[in-house]
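Peer 1: Contents are mmCIF, C-alpha atoms; file name run12.cif:
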data_structure
#
loop_
_atom_site.label_atom_id
_atom_site.label_comp_id
_atom_site.auth_asym_id
_atom_site.auth_seq_id
_atom_site.Cartn_x
_atom_site.Cartn_y
_atom_site.Cartn_z
CA MET N 1 0.00 0.00 0.00
CA PHE N 2 2.75 2.44 0.95
CA GLY N 3 4.65 1.60 -2.24
CA ALA N 4 1.58 2.34 -4.35
CA ILE N 5 1.15 5.74 -2.69
CA VAL N 6 4.80 6.64 -3.29
CA ALA N 7 4.55 5.50 -6.91
CA ALA N 8 1.43 7.64 -7.39
CA LEU N 9 3.19 10.67 -5.89
CA ALA N 10 6.19 10.06 -8.14
CA PHE N 11 3.90 9.92 -11.17
CA VAL N 12 2.21 13.16 -10.13
CA GLY N 13 5.65 14.74 -9.69
CA LEU N 14 6.61 13.83 -13.26
CA VAL N 15 3.32 15.15 -14.63
CA TRP N 16 3.88 18.44 -12.77
CA TYR N 17 7.43 18.63 -14.10
CA ALA N 18 6.13 18.12 -17.65
CA ILE N 19 3.53 20.86 -17.16
CA ILE N 20 6.11 23.37 -15.93
CA TRP N 21 8.42 22.55 -18.81
CA SER N 22 5.53 22.96 -21.27
CA ILE N 23 4.74 26.38 -19.84
CA GLY N 24 8.40 27.39 -20.03
CA LEU N 25 8.75 26.25 -23.63
CA LEU N 26 5.55 28.08 -24.56
CA GLY N 27 6.97 31.28 -23.06
CA CYS N 28 10.22 30.76 -24.96
CA ARG N 29 8.36 30.22 -28.24
CA ILE N 30 6.18 33.30 -27.73
CA ALA N 31 9.28 35.39 -26.95
CA ARG N 32 10.86 34.28 -30.21
CA ALA N 33 7.72 34.86 -32.27
CA ARG N 34 6.71 38.20 -30.80
CA TYR N 35 9.88 40.06 -29.85
CA ARG N 36 12.37 39.17 -32.60
CA ASN N 37 10.36 41.09 -35.17
CA ARG N 38 8.88 44.46 -34.21
CA PRO N 39 7.12 45.96 -37.24
CA ARG N 40 6.53 49.67 -37.68
CA SER N 41 2.91 50.64 -37.06
CA PRO N 42 0.97 52.51 -39.74
CA LEU N 43 -0.31 54.78 -36.96
CA THR N 44 3.11 56.48 -36.76
CA THR N 45 2.16 58.65 -39.74
CA SER N 46 -1.63 58.39 -39.69
CA SER N 47 -3.74 61.54 -39.55
CA ASP N 48 -6.52 59.50 -37.92
CA ALA N 49 -4.51 58.15 -34.98
CA PRO N 50 -6.60 58.38 -31.81
CA GLY N 51 -5.31 60.76 -29.16
CA VAL N 52 -3.41 59.38 -26.18
CA SER N 53 -2.68 61.00 -22.82
CA ILE N 54 0.58 59.74 -21.31
CA LEU N 55 0.52 59.88 -17.52
CA ARG N 56 3.86 59.74 -15.72
CA PRO N 57 3.65 59.88 -11.91
CA LEU N 58 6.93 61.05 -10.38
CA LYS N 59 8.54 61.10 -6.97
CA GLY N 60 12.21 61.96 -6.55
CA LEU N 61 15.16 61.08 -8.74
CA ASP N 62 14.70 57.52 -9.95
CA THR N 63 17.56 55.76 -11.70
CA ASN N 64 18.01 56.97 -15.29
CA LEU N 65 15.09 59.37 -14.86
CA TYR N 66 16.07 61.79 -17.65
CA GLU N 67 16.33 59.07 -20.30
CA ASN N 68 13.22 57.30 -19.01
CA LEU N 69 11.09 60.42 -19.35
CA GLU N 70 12.70 61.44 -22.63
CA SER N 71 11.61 58.14 -24.19
CA THR N 72 7.99 59.32 -24.00
CA PHE N 73 8.83 62.70 -25.56
CA THR N 74 10.32 60.88 -28.59
CA GLN N 75 7.41 58.57 -29.37
CA GLU N 76 6.74 58.14 -33.09
CA TYR N 77 3.05 58.96 -32.84
CA PRO N 78 1.20 61.99 -34.20
CA ASN N 79 -1.36 62.68 -31.46
CA PHE N 80 -0.38 62.55 -27.80
CA GLU N 81 0.09 64.68 -24.71
CA ILE N 82 2.25 64.07 -21.64
CA LEU N 83 1.09 64.84 -18.11
CA LEU N 84 3.92 64.67 -15.56
CA SER N 85 2.66 64.75 -11.99
CA VAL N 86 4.31 65.26 -8.62
CA ALA N 87 2.74 65.55 -5.19
CA ASP N 88 5.19 68.18 -3.90
CA GLU N 89 6.18 71.43 -5.60
CA HIS N 90 9.74 70.93 -4.31
CA ASP N 91 10.14 67.45 -5.81
CA GLN N 92 13.61 66.94 -7.30
CA ALA N 93 12.15 65.43 -10.47
CA LEU N 94 10.76 68.81 -11.52
CA ALA N 95 14.13 70.18 -12.69
CA ILE N 96 14.52 67.27 -15.11
CA VAL N 97 10.94 67.61 -16.32
CA ARG N 98 11.37 71.31 -17.05
CA ASP N 99 14.59 70.62 -18.97
CA LEU N 100 12.79 68.10 -21.16
CA ILE N 101 9.81 70.36 -21.80
CA ALA N 102 12.25 73.08 -22.91
CA LYS N 103 14.16 70.60 -25.11
CA TYR N 104 10.98 69.38 -26.87
CA PRO N 105 8.76 72.47 -27.30
CA GLN N 106 6.81 70.73 -30.07
CA VAL N 107 5.52 68.12 -27.64
CA ASN N 108 2.33 68.90 -25.75
CA ALA N 109 3.61 68.31 -22.20
CA ARG N 110 2.74 69.91 -18.89
CA ILE N 111 3.37 69.55 -15.18
CA ILE N 112 0.69 68.86 -12.59
CA ILE N 113 1.61 69.56 -8.96
CA GLY N 114 -0.40 68.29 -6.03
CA GLU N 115 -2.27 65.14 -5.16
CA GLU N 116 -5.80 64.17 -4.29
CA VAL N 117 -6.00 61.62 -1.51
CA VAL N 118 -8.50 58.91 -2.46
CA GLY N 119 -6.80 56.08 -0.57
CA VAL N 120 -3.55 54.95 0.98
CA ASN N 121 -1.73 54.23 -2.31
CA PRO N 122 0.45 57.32 -3.02
CA LYS N 123 0.80 56.50 -6.72
CA VAL N 124 -2.96 56.51 -7.22
CA ASN N 125 -3.26 59.76 -5.24
CA ASN N 126 -0.61 61.26 -7.53
CA LEU N 127 -2.48 60.09 -10.66
CA VAL N 128 -6.02 61.19 -9.83
CA GLN N 129 -5.64 64.80 -11.03
CA PRO N 130 -3.90 64.01 -14.35
CA TYR N 131 -6.39 61.17 -14.87
CA ARG N 132 -9.24 63.67 -14.68
CA GLU N 133 -7.50 66.41 -16.67
CA ALA N 134 -6.31 64.17 -19.52
CA ALA N 135 -7.57 65.41 -22.88
CA HIS N 136 -7.93 61.94 -24.39
CA ASP N 137 -9.82 58.78 -23.50
CA ILE N 138 -6.86 56.48 -24.10
CA LEU N 139 -4.44 56.68 -21.19
CA TRP N 140 -0.90 55.34 -21.02
CA VAL N 141 0.24 55.08 -17.40
CA ILE N 142 3.98 54.48 -17.27
CA ASP N 143 6.21 54.37 -14.19
CA SER N 144 9.11 56.78 -13.77
CA ASN N 145 11.75 54.01 -13.82
CA ILE N 146 10.62 52.77 -17.25
CA SER N 147 11.88 53.71 -20.71
CA VAL N 148 10.37 52.51 -23.98
CA ALA N 149 11.27 52.30 -27.65
CA PRO N 150 10.01 55.09 -29.97
CA GLY N 151 7.44 52.83 -31.69
CA THR N 152 5.91 51.45 -28.49
CA LEU N 153 2.89 53.75 -28.32
CA ALA N 154 1.83 53.24 -31.93
CA ARG N 155 2.11 49.45 -31.74
CA SER N 156 0.21 49.42 -28.45
CA VAL N 157 -2.65 51.54 -29.77
CA ASP N 158 -2.84 49.16 -32.74
CA LEU N 159 -3.75 46.37 -30.34
CA LEU N 160 -6.09 48.49 -28.22
CA ILE N 161 -8.26 49.56 -31.18
CA ARG N 162 -8.09 46.29 -33.11
CA ASP N 163 -11.42 44.79 -34.12
CA PRO N 164 -12.44 42.09 -31.61
CA SER N 165 -12.94 39.59 -34.42
CA GLN N 166 -9.15 39.58 -34.89
CA ASN N 167 -8.52 38.59 -31.27
CA SER N 168 -8.28 34.94 -30.26
CA SER N 169 -10.87 35.52 -27.52
CA ARG N 170 -13.19 37.42 -29.89
CA LYS N 171 -13.47 40.00 -27.13
CA ARG N 172 -12.39 43.62 -27.14
CA ILE N 173 -8.95 44.47 -25.78
CA ALA N 174 -9.33 46.77 -22.79
CA LEU N 175 -5.68 46.93 -21.68
CA VAL N 176 -2.32 46.65 -23.42
CA HIS N 177 0.74 45.97 -21.28
CA HIS N 178 4.45 45.37 -21.78
CA VAL N 179 6.75 42.72 -20.37
CA PRO N 180 9.35 44.28 -18.02
CA PHE N 181 12.99 43.98 -19.08
CA ALA N 182 15.65 44.96 -16.54
CA ILE N 183 18.48 47.31 -17.47
CA VAL N 184 21.18 47.39 -14.79
CA HIS N 185 22.90 50.74 -14.21
CA GLU N 186 24.79 50.01 -10.98
CA ASN N 187 27.15 47.16 -10.11
CA TYR N 188 25.15 45.79 -7.19
CA LEU N 189 24.44 42.12 -6.54
CA GLY N 190 20.74 42.66 -5.94
CA ALA N 191 20.43 44.52 -9.24
CA LYS N 192 22.13 41.68 -11.11
CA ILE N 193 19.85 39.09 -9.50
CA GLU N 194 16.78 41.19 -10.35
CA GLU N 195 18.05 41.38 -13.94
CA ALA N 196 18.48 37.61 -14.11
CA PHE N 197 14.97 37.12 -12.71
CA LEU N 198 13.04 39.63 -14.82
CA ASN N 199 14.81 38.86 -18.10
CA THR N 200 14.48 35.06 -17.94
CA ASN N 201 12.10 33.18 -15.65
CA HIS N 202 9.69 36.04 -14.97
CA ALA N 203 9.41 36.97 -18.65
CA LYS N 204 9.06 33.34 -19.71
CA MET N 205 6.21 32.63 -17.29
CA TYR N 206 4.56 36.01 -17.86
CA LEU N 207 4.42 35.47 -21.61
CA ALA N 208 3.11 31.92 -21.28
CA ILE N 209 0.40 32.81 -18.76
CA ASN N 210 -0.79 35.72 -20.89
CA THR N 211 -0.85 33.49 -23.97
CA VAL N 212 -3.02 30.87 -22.28
CA ALA N 213 -5.10 33.79 -20.93
CA ILE N 214 -7.40 31.90 -18.61
CA GLU N 215 -7.08 34.69 -16.03
CA SER N 216 -5.87 38.28 -15.80
CA CYS N 217 -2.11 38.54 -15.22
CA VAL N 218 -0.72 42.07 -15.46
CA VAL N 219 2.13 43.85 -13.72
CA GLY N 220 2.23 47.64 -13.68
CA LYS N 221 5.16 49.50 -15.20
CA SER N 222 3.47 50.36 -18.52
CA ASN N 223 -0.27 49.96 -19.25
CA LEU N 224 -2.66 51.45 -21.80
CA TYR N 225 -6.40 51.51 -21.25
CA ARG N 226 -9.47 53.69 -21.82
CA ARG N 227 -10.70 56.04 -19.15
CA SER N 228 -14.27 55.35 -20.30
CA ASP N 229 -13.76 51.66 -19.46
CA LEU N 230 -12.20 52.39 -16.08
CA GLU N 231 -15.15 54.62 -15.18
CA ARG N 232 -17.40 51.56 -15.49
CA VAL N 233 -15.60 49.48 -12.83
CA ASP N 234 -15.35 49.74 -9.06
CA GLY N 235 -12.79 47.08 -8.11
CA SER N 236 -15.38 44.63 -6.80
CA LEU N 237 -14.53 42.11 -9.57
CA ARG N 238 -18.25 41.33 -9.82
CA PRO N 239 -19.53 41.16 -13.43
CA LYS N 240 -21.66 44.08 -14.50
CA LYS N 241 -25.00 42.91 -15.84
CA MET N 242 -25.39 45.72 -18.36
CA ASP N 243 -23.79 48.94 -19.57
CA GLY N 244 -24.70 51.83 -17.34
CA GLU N 245 -25.35 49.67 -14.31
CA PRO N 246 -24.99 51.96 -11.27
CA LEU N 247 -21.85 51.49 -9.21
CA SER N 248 -21.83 51.67 -5.45
CA GLY N 249 -19.13 53.80 -3.89
CA LYS N 250 -16.04 54.91 -5.80
CA ARG N 251 -15.46 54.11 -9.45
CA GLY N 252 -12.70 54.67 -11.94
CA LEU N 253 -9.14 55.21 -10.79
CA ALA N 254 -10.20 56.40 -7.33
CA ALA N 255 -11.70 52.97 -6.61
CA PHE N 256 -8.20 51.47 -6.58
CA GLY N 257 -6.60 53.79 -4.04
CA SER N 258 -6.83 51.15 -1.30
CA PHE N 259 -4.78 48.56 -3.21
CA LEU N 260 -0.99 48.33 -3.23
CA ALA N 261 -0.97 46.49 -6.61
CA GLU N 262 -3.47 48.91 -8.15
CA ASP N 263 -2.39 48.13 -11.72
CA ASN N 264 -3.07 44.41 -11.27
CA MET N 265 -6.46 45.17 -9.75
CA ILE N 266 -7.36 47.55 -12.60
CA ALA N 267 -6.56 44.81 -15.09
CA SER N 268 -8.58 42.26 -13.11
CA ALA N 269 -11.54 44.64 -12.88
CA LEU N 270 -11.60 45.20 -16.65
CA TRP N 271 -11.38 41.43 -17.17
CA HIS N 272 -13.99 40.30 -14.63
CA GLU N 273 -16.40 43.22 -14.36
CA LEU N 274 -16.60 44.08 -18.08
CA ASP N 275 -15.60 40.70 -19.56
CA LEU N 276 -12.89 42.36 -21.65
CA ARG N 277 -9.36 41.12 -22.31
CA HIS N 278 -5.69 42.21 -22.29
CA ASP N 279 -2.87 41.90 -24.79
CA LEU N 280 0.90 42.28 -24.83
CA SER N 281 2.56 44.36 -27.52
CA CYS N 282 5.87 43.33 -29.06
CA ASP N 283 7.67 45.94 -26.95
CA THR N 284 9.36 45.75 -23.58
CA ALA N 285 9.11 48.12 -20.63
CA ASP N 286 12.80 48.70 -19.95
CA ASN N 287 13.10 48.83 -16.17
CA ALA N 288 16.12 50.82 -14.94
CA ILE N 289 17.64 49.09 -11.89
CA GLY N 290 19.87 51.21 -9.70
CA ARG N 291 21.54 50.57 -6.35
CA MET N 292 19.68 47.43 -5.39
CA THR N 293 21.56 45.44 -2.78
CA LEU N 294 20.98 41.76 -2.08
CA ALA N 295 18.82 42.70 0.90
CA ASP N 296 16.81 45.11 -1.26
CA TYR N 297 16.15 42.34 -3.75
CA ILE N 298 15.07 39.89 -1.06
CA TRP N 299 12.67 42.31 0.61
CA ARG N 300 11.24 43.38 -2.73
CA ARG N 301 10.35 39.78 -3.53
CA VAL N 302 8.97 39.30 0.00
CA ARG N 303 6.76 42.33 -0.39
CA TRP N 304 5.09 41.17 -3.57
CA ILE N 305 4.64 37.61 -2.35
CA ARG N 306 2.85 39.00 0.71
CA VAL N 307 0.59 41.05 -1.56
CA ARG N 308 -0.09 38.18 -3.99
CA LYS N 309 -1.01 35.69 -1.28
CA HIS N 310 -3.98 37.91 -0.40
CA MET N 311 -5.00 38.16 -4.05
CA VAL N 312 -4.31 34.68 -5.53
CA LEU N 313 -3.50 32.35 -2.65
CA ALA N 314 -3.47 29.06 -4.58
CA ALA N 315 -1.14 30.41 -7.29
CA THR N 316 1.14 31.93 -4.66
CA ILE N 317 1.44 28.65 -2.76
CA ALA N 318 2.19 26.81 -6.00
CA GLU N 319 4.86 29.31 -7.03
CA PRO N 320 7.93 27.70 -5.39
CA PHE N 321 7.03 24.40 -7.09
CA THR N 322 7.48 26.08 -10.49
CA GLU N 323 11.09 27.10 -9.80
CA CYS N 324 14.01 25.26 -11.37
CA PHE N 325 15.68 23.69 -8.34
CA VAL N 326 12.47 22.66 -6.59
CA VAL N 327 10.63 21.16 -9.55
CA SER N 328 13.84 19.53 -10.84
CA SER N 329 14.43 17.90 -7.45
CA ILE N 330 10.87 16.54 -7.52
CA ALA N 331 11.41 15.18 -11.02
CA ALA N 332 14.78 13.65 -10.09
CA ALA N 333 13.29 11.83 -7.11
CA SER N 334 10.36 10.64 -9.22
CA LEU N 335 12.58 9.33 -12.03
CA ARG N 336 14.86 7.61 -9.55
CA TYR N 337 11.94 5.83 -7.85
CA LEU N 338 10.03 4.87 -11.01
CA PHE N 339 12.80 4.16 -13.50
CA GLY N 340 16.08 4.13 -11.57
CA VAL N 341 17.44 7.18 -13.41
CA SER N 342 20.52 8.57 -11.66
CA HIS N 343 20.32 12.00 -10.09
CA TRP N 344 23.85 12.67 -11.29
CA PHE N 345 22.74 12.21 -14.90
CA PHE N 346 19.34 13.90 -14.81
CA LEU N 347 20.05 17.04 -12.78
CA PRO N 348 23.01 18.41 -14.83
CA VAL N 349 21.23 17.71 -18.14
CA ASN N 350 18.05 19.33 -16.86
CA LEU N 351 19.95 22.36 -15.54
CA LEU N 352 21.72 22.93 -18.86
CA ALA N 353 18.43 22.70 -20.76
CA TRP N 354 16.72 25.10 -18.34
CA VAL N 355 19.54 27.65 -18.61
CA TRP N 356 19.51 27.39 -22.40
CA VAL N 357 15.79 28.18 -22.54
CA ASP N 358 16.19 31.13 -20.16
CA LEU N 359 19.09 32.56 -22.17
CA ASP N 360 17.04 32.19 -25.34
CA VAL N 361 14.22 34.21 -23.74
CA TYR N 362 16.75 36.91 -22.81
CA GLU N 363 18.03 37.01 -26.40
CA SER N 364 14.50 37.36 -27.81
CA LEU N 365 13.61 40.27 -25.53
CA ALA N 366 16.96 42.09 -25.72
CA GLY N 367 17.49 41.55 -29.44
CA HIS N 368 20.92 40.07 -28.73
CA PRO N 369 22.46 37.35 -26.53
CA VAL N 370 23.84 38.11 -23.11
CA PRO N 371 27.15 39.92 -23.89
CA SER N 372 30.10 37.54 -23.55
CA GLU N 373 31.78 39.69 -20.89
CA LYS N 374 28.57 39.55 -18.80
CA LEU N 375 27.70 35.89 -19.34
CA TRP N 376 29.36 34.33 -16.30
CA PRO N 377 28.28 37.07 -13.84
CA PHE N 378 24.78 36.78 -15.29
CA LEU N 379 24.75 33.00 -14.82
CA GLY N 380 26.06 33.44 -11.28
CA ALA N 381 23.22 35.84 -10.50
CA TRP N 382 20.75 33.43 -12.10
CA PHE N 383 22.05 30.59 -9.90
CA ILE N 384 21.82 32.70 -6.72
CA ARG N 385 18.27 33.72 -7.64
CA GLU N 386 17.23 30.10 -7.97
CA LEU N 387 18.82 29.20 -4.64
CA LEU N 388 16.99 32.05 -2.91
CA THR N 389 13.49 31.36 -4.20
CA LEU N 390 12.38 28.88 -1.53
CA PRO N 391 13.90 30.73 1.48
CA ILE N 392 12.35 34.00 0.28
CA PHE N 393 8.99 32.33 -0.13
CA LEU N 394 9.09 30.86 3.38
CA LEU N 395 10.04 34.26 4.82
CA ALA N 396 7.29 36.05 2.92
CA ILE N 397 4.45 33.67 3.52
CA CYS N 398 4.64 34.14 7.30
CA GLY N 399 3.99 37.89 7.46
CA ASN N 400 1.53 40.54 6.27
CA GLU N 401 3.37 43.84 6.77
CA VAL N 402 5.27 45.67 4.08
CA VAL N 403 6.95 49.03 3.56
CA TRP N 404 6.53 50.87 0.29
CA ARG N 405 7.83 54.35 -0.53
CA GLY N 406 8.68 54.97 3.12
CA GLN N 407 5.29 54.01 4.57
CA ARG N 408 4.36 50.86 6.51
CA TYR N 409 1.27 48.96 5.42
CA GLN N 410 -0.76 45.98 6.55
CA VAL N 411 -1.82 43.83 3.58
CA MET N 412 -5.42 42.65 3.86
CA GLN N 413 -7.95 40.68 1.84
CA ALA N 414 -7.76 41.04 -1.96
CA GLY N 415 -4.50 42.97 -1.67
CA GLN N 416 -6.03 46.02 -0.02
CA ILE N 417 -3.77 47.87 2.38
CA GLN N 418 -4.01 50.08 5.41
CA THR N 419 -1.32 52.14 7.04
CA THR N 420 0.28 50.66 10.14
CA PRO N 421 1.37 52.80 13.10
CA ARG N 422 5.09 52.80 13.74
CA GLY N 423 6.19 50.24 16.30
CA ALA N 424 2.97 48.23 15.93
CA PHE N 425 4.74 45.07 14.84
CA SER N 426 8.00 43.16 15.07
CA PRO N 427 10.89 44.33 12.88
CA LYS N 428 11.25 40.73 11.71
CA GLN N 429 7.89 41.04 9.95
CA LEU N 430 8.77 44.33 8.33
CA VAL N 431 9.70 44.56 4.70
CA ARG N 432 12.33 47.26 4.41
CA VAL N 433 12.19 50.27 2.17
CA GLU N 434 13.70 49.73 -1.24
CA GLN N 435 14.74 52.11 -3.92
CA GLU N 436 12.91 50.49 -6.82
CA GLY N 437 9.11 50.73 -6.71
#
Would you mind writing the structure in this file as structure tokens?
Peer 2:
Amino acid sequence: MFGAIVAALAFVGLVWYAIIWSIGLLGCRIARARYRNRPRSPLTTSSDAPGVSILRPLKGLDTNLYENLESTFTQEYPNFEILLSVADEHDQALAIVRDLIAKYPQVNARIIIGEEVVGVNPKVNNLVQPYREAAHDILWVIDSNISVAPGTLARSVDLLIRDPSQNSSRKRIALVHHVPFAIVHENYLGAKIEEAFLNTNHAKMYLAINTVAIESCVVGKSNLYRRSDLERVDGSLRPKKMDGEPLSGKRGLAAFGSFLAEDNMIASALWHELDLRHDLSCDTADNAIGRMTLADYIWRRVRWIRVRKHMVLAATIAEPFTECFVVSSIAAASLRYLFGVSHWFFLPVNLLAWVWVDLDVYESLAGHPVPSEKLWPFLGAWFIRELLTLPIFLLAICGNEVVWRGQRYQVMQAGQIQTTPRGAFSPKQLVRVEQEG
């Protein structure tokens, strides 16, 4: 009886291993198909291109801020405005913004100072005023640590306005997002590990999950959507029975001020409340990584695991079993029990194959392989990242408090947050402040 149970568990382990490999290979294939050829959009020179309001919330001097902001001023698109918002009139980012506005007088760009407090999320509070003042219905909300290629806006609008009959779901696209791609600017271990994570495993799984598209899966960084759609949702995730159905309480952007991962909740609301869908363009959101230490990296991962466990508990619990070392160990034990395959044969072969796939994903997104002079440091960071996944998960799953942008929060049901008084909990449960949002 015991032997039969062990054999069944070994079989399940192999099936799980095959599923994870299938997802990884799907992500690799999508990266090759979508990101190795980025066509020029006809909207770049169209007189009928719909207007877009680009919203860039700012706070302080993020890494590479000048170049990040400049990338929106140089978009190859005929009809857009840029709204750059800060909460404080003395914010250091304002000097850079004014330099760029002077450098590009032909671009319709303006500064908005001040915030409207609609919740505890400072980014949402920063965005409320530009959200309301935007001249166009299509909004592109893009974080201050992100830069994009000149054709990104045009290709993204292509997807947003595409006829639903051309979409695999046959449903209208309500949100277009971009896979994050890390660009390291400082020689810090945490930054290199974050680069290895975002540019390989994260991208691979993100692309695969969004291709299968059985559920909303969107990170922030760079999202396009319509204000008219957002005004029809309230964050409840309950389907609306008809257009114009009255909403209780807040609606639109203000409804998401109580969530830390407001961008993910916006995407989920559009998906579940309006039964609309998302799409990824063939562009990346280039994420500038600055002075991120190893501790910064660890606490960043802890923070988002603590948020996700209150939003998608089952997926969060399953997450460590999708990582290379954990799932490979399960497969090795299963193969040894069922077929007598040696660990010493299987594990090195599996590791080489896994690394090859991850490096191929990097090449697809970057447009080139990992530079030869960076290859071994990159692989070292990749290896450290894999070793840290399970310890980080175990640390994160036991707590509910986080710190973001200098403020302590308690994460609650559905990823909502409330501020926590100083000294109200043990420092061991506290996620430290980090530079990268």
Peer 1: Find the residues around Val218 (chain N) up to 10 Å (all atoms listed in the file counted), leave out those fewer than 5 positions away in its own chain, and share them as a short mmCIF file (atom, residue, chain, number, x, y, z; two decimals) with C-alpha atoms, in the frame of the given file.
Peer 2:
data_model
loop_
_atom_site.label_atom_id
_atom_site.label_comp_id
_atom_site.auth_asym_id
_atom_site.auth_seq_id
_atom_site.Cartn_x
_atom_site.Cartn_y
_atom_site.Cartn_z
CA LEU N 175 -5.68 46.93 -21.68
CA VAL N 176 -2.32 46.65 -23.42
CA HIS N 177 0.74 45.97 -21.28
CA HIS N 178 4.45 45.37 -21.78
CA VAL N 179 6.75 42.72 -20.37
CA TYR N 206 4.56 36.01 -17.86
CA ILE N 209 0.40 32.81 -18.76
CA ASN N 210 -0.79 35.72 -20.89
CA ASN N 223 -0.27 49.96 -19.25
CA ALA N 261 -0.97 46.49 -6.61
CA ASP N 263 -2.39 48.13 -11.72
CA ASN N 264 -3.07 44.41 -11.27
CA MET N 265 -6.46 45.17 -9.75
CA ILE N 266 -7.36 47.55 -12.60
CA ALA N 267 -6.56 44.81 -15.09
CA SER N 268 -8.58 42.26 -13.11
CA HIS N 278 -5.69 42.21 -22.29
CA ASP N 279 -2.87 41.90 -24.79
CA LEU N 280 0.90 42.28 -24.83
#
Peer 1: Could you give me, as a VMD selection string, the residues within 12 Å of region 413-420 of chain N, counting all atoms listed in the file and dropping anything in the same chain fewer than 4 positions from it?
Peer 2: chain N and resid 119 to 122 235 to 237 255 to 265 268 303 to 313 400 to 404 406 to 409 424 to 426 430
Peer 1: CA of His272 (chain N) to CA of Phe80 (chain N): how many Å, to one decimal?
Peer 2: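 Result for CA of His272 (chain N) versus CA of Phe80 (chain N): 29.2 Å, one decimal.
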Peer 1: Counting all atoms listed in the file, which of N:Ala4, N:Ile289, N:Ala10, N:Leu25 gets nearest to Asp360 (chain N)?
Peer 2: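 Once distances to Asp360 (chain N) are computed over all atoms listed in the file, the minimum belongs to N:Leu25.
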Peer 1: Run through the PyMOL selection byres ((chain N and resi 373-375) around 12) on the given coordinates and return the selected residues as a PyMOL selection string.
Peer 2: chain N and resi 184+187+192+195-196+355+359+362+369-372+376-382
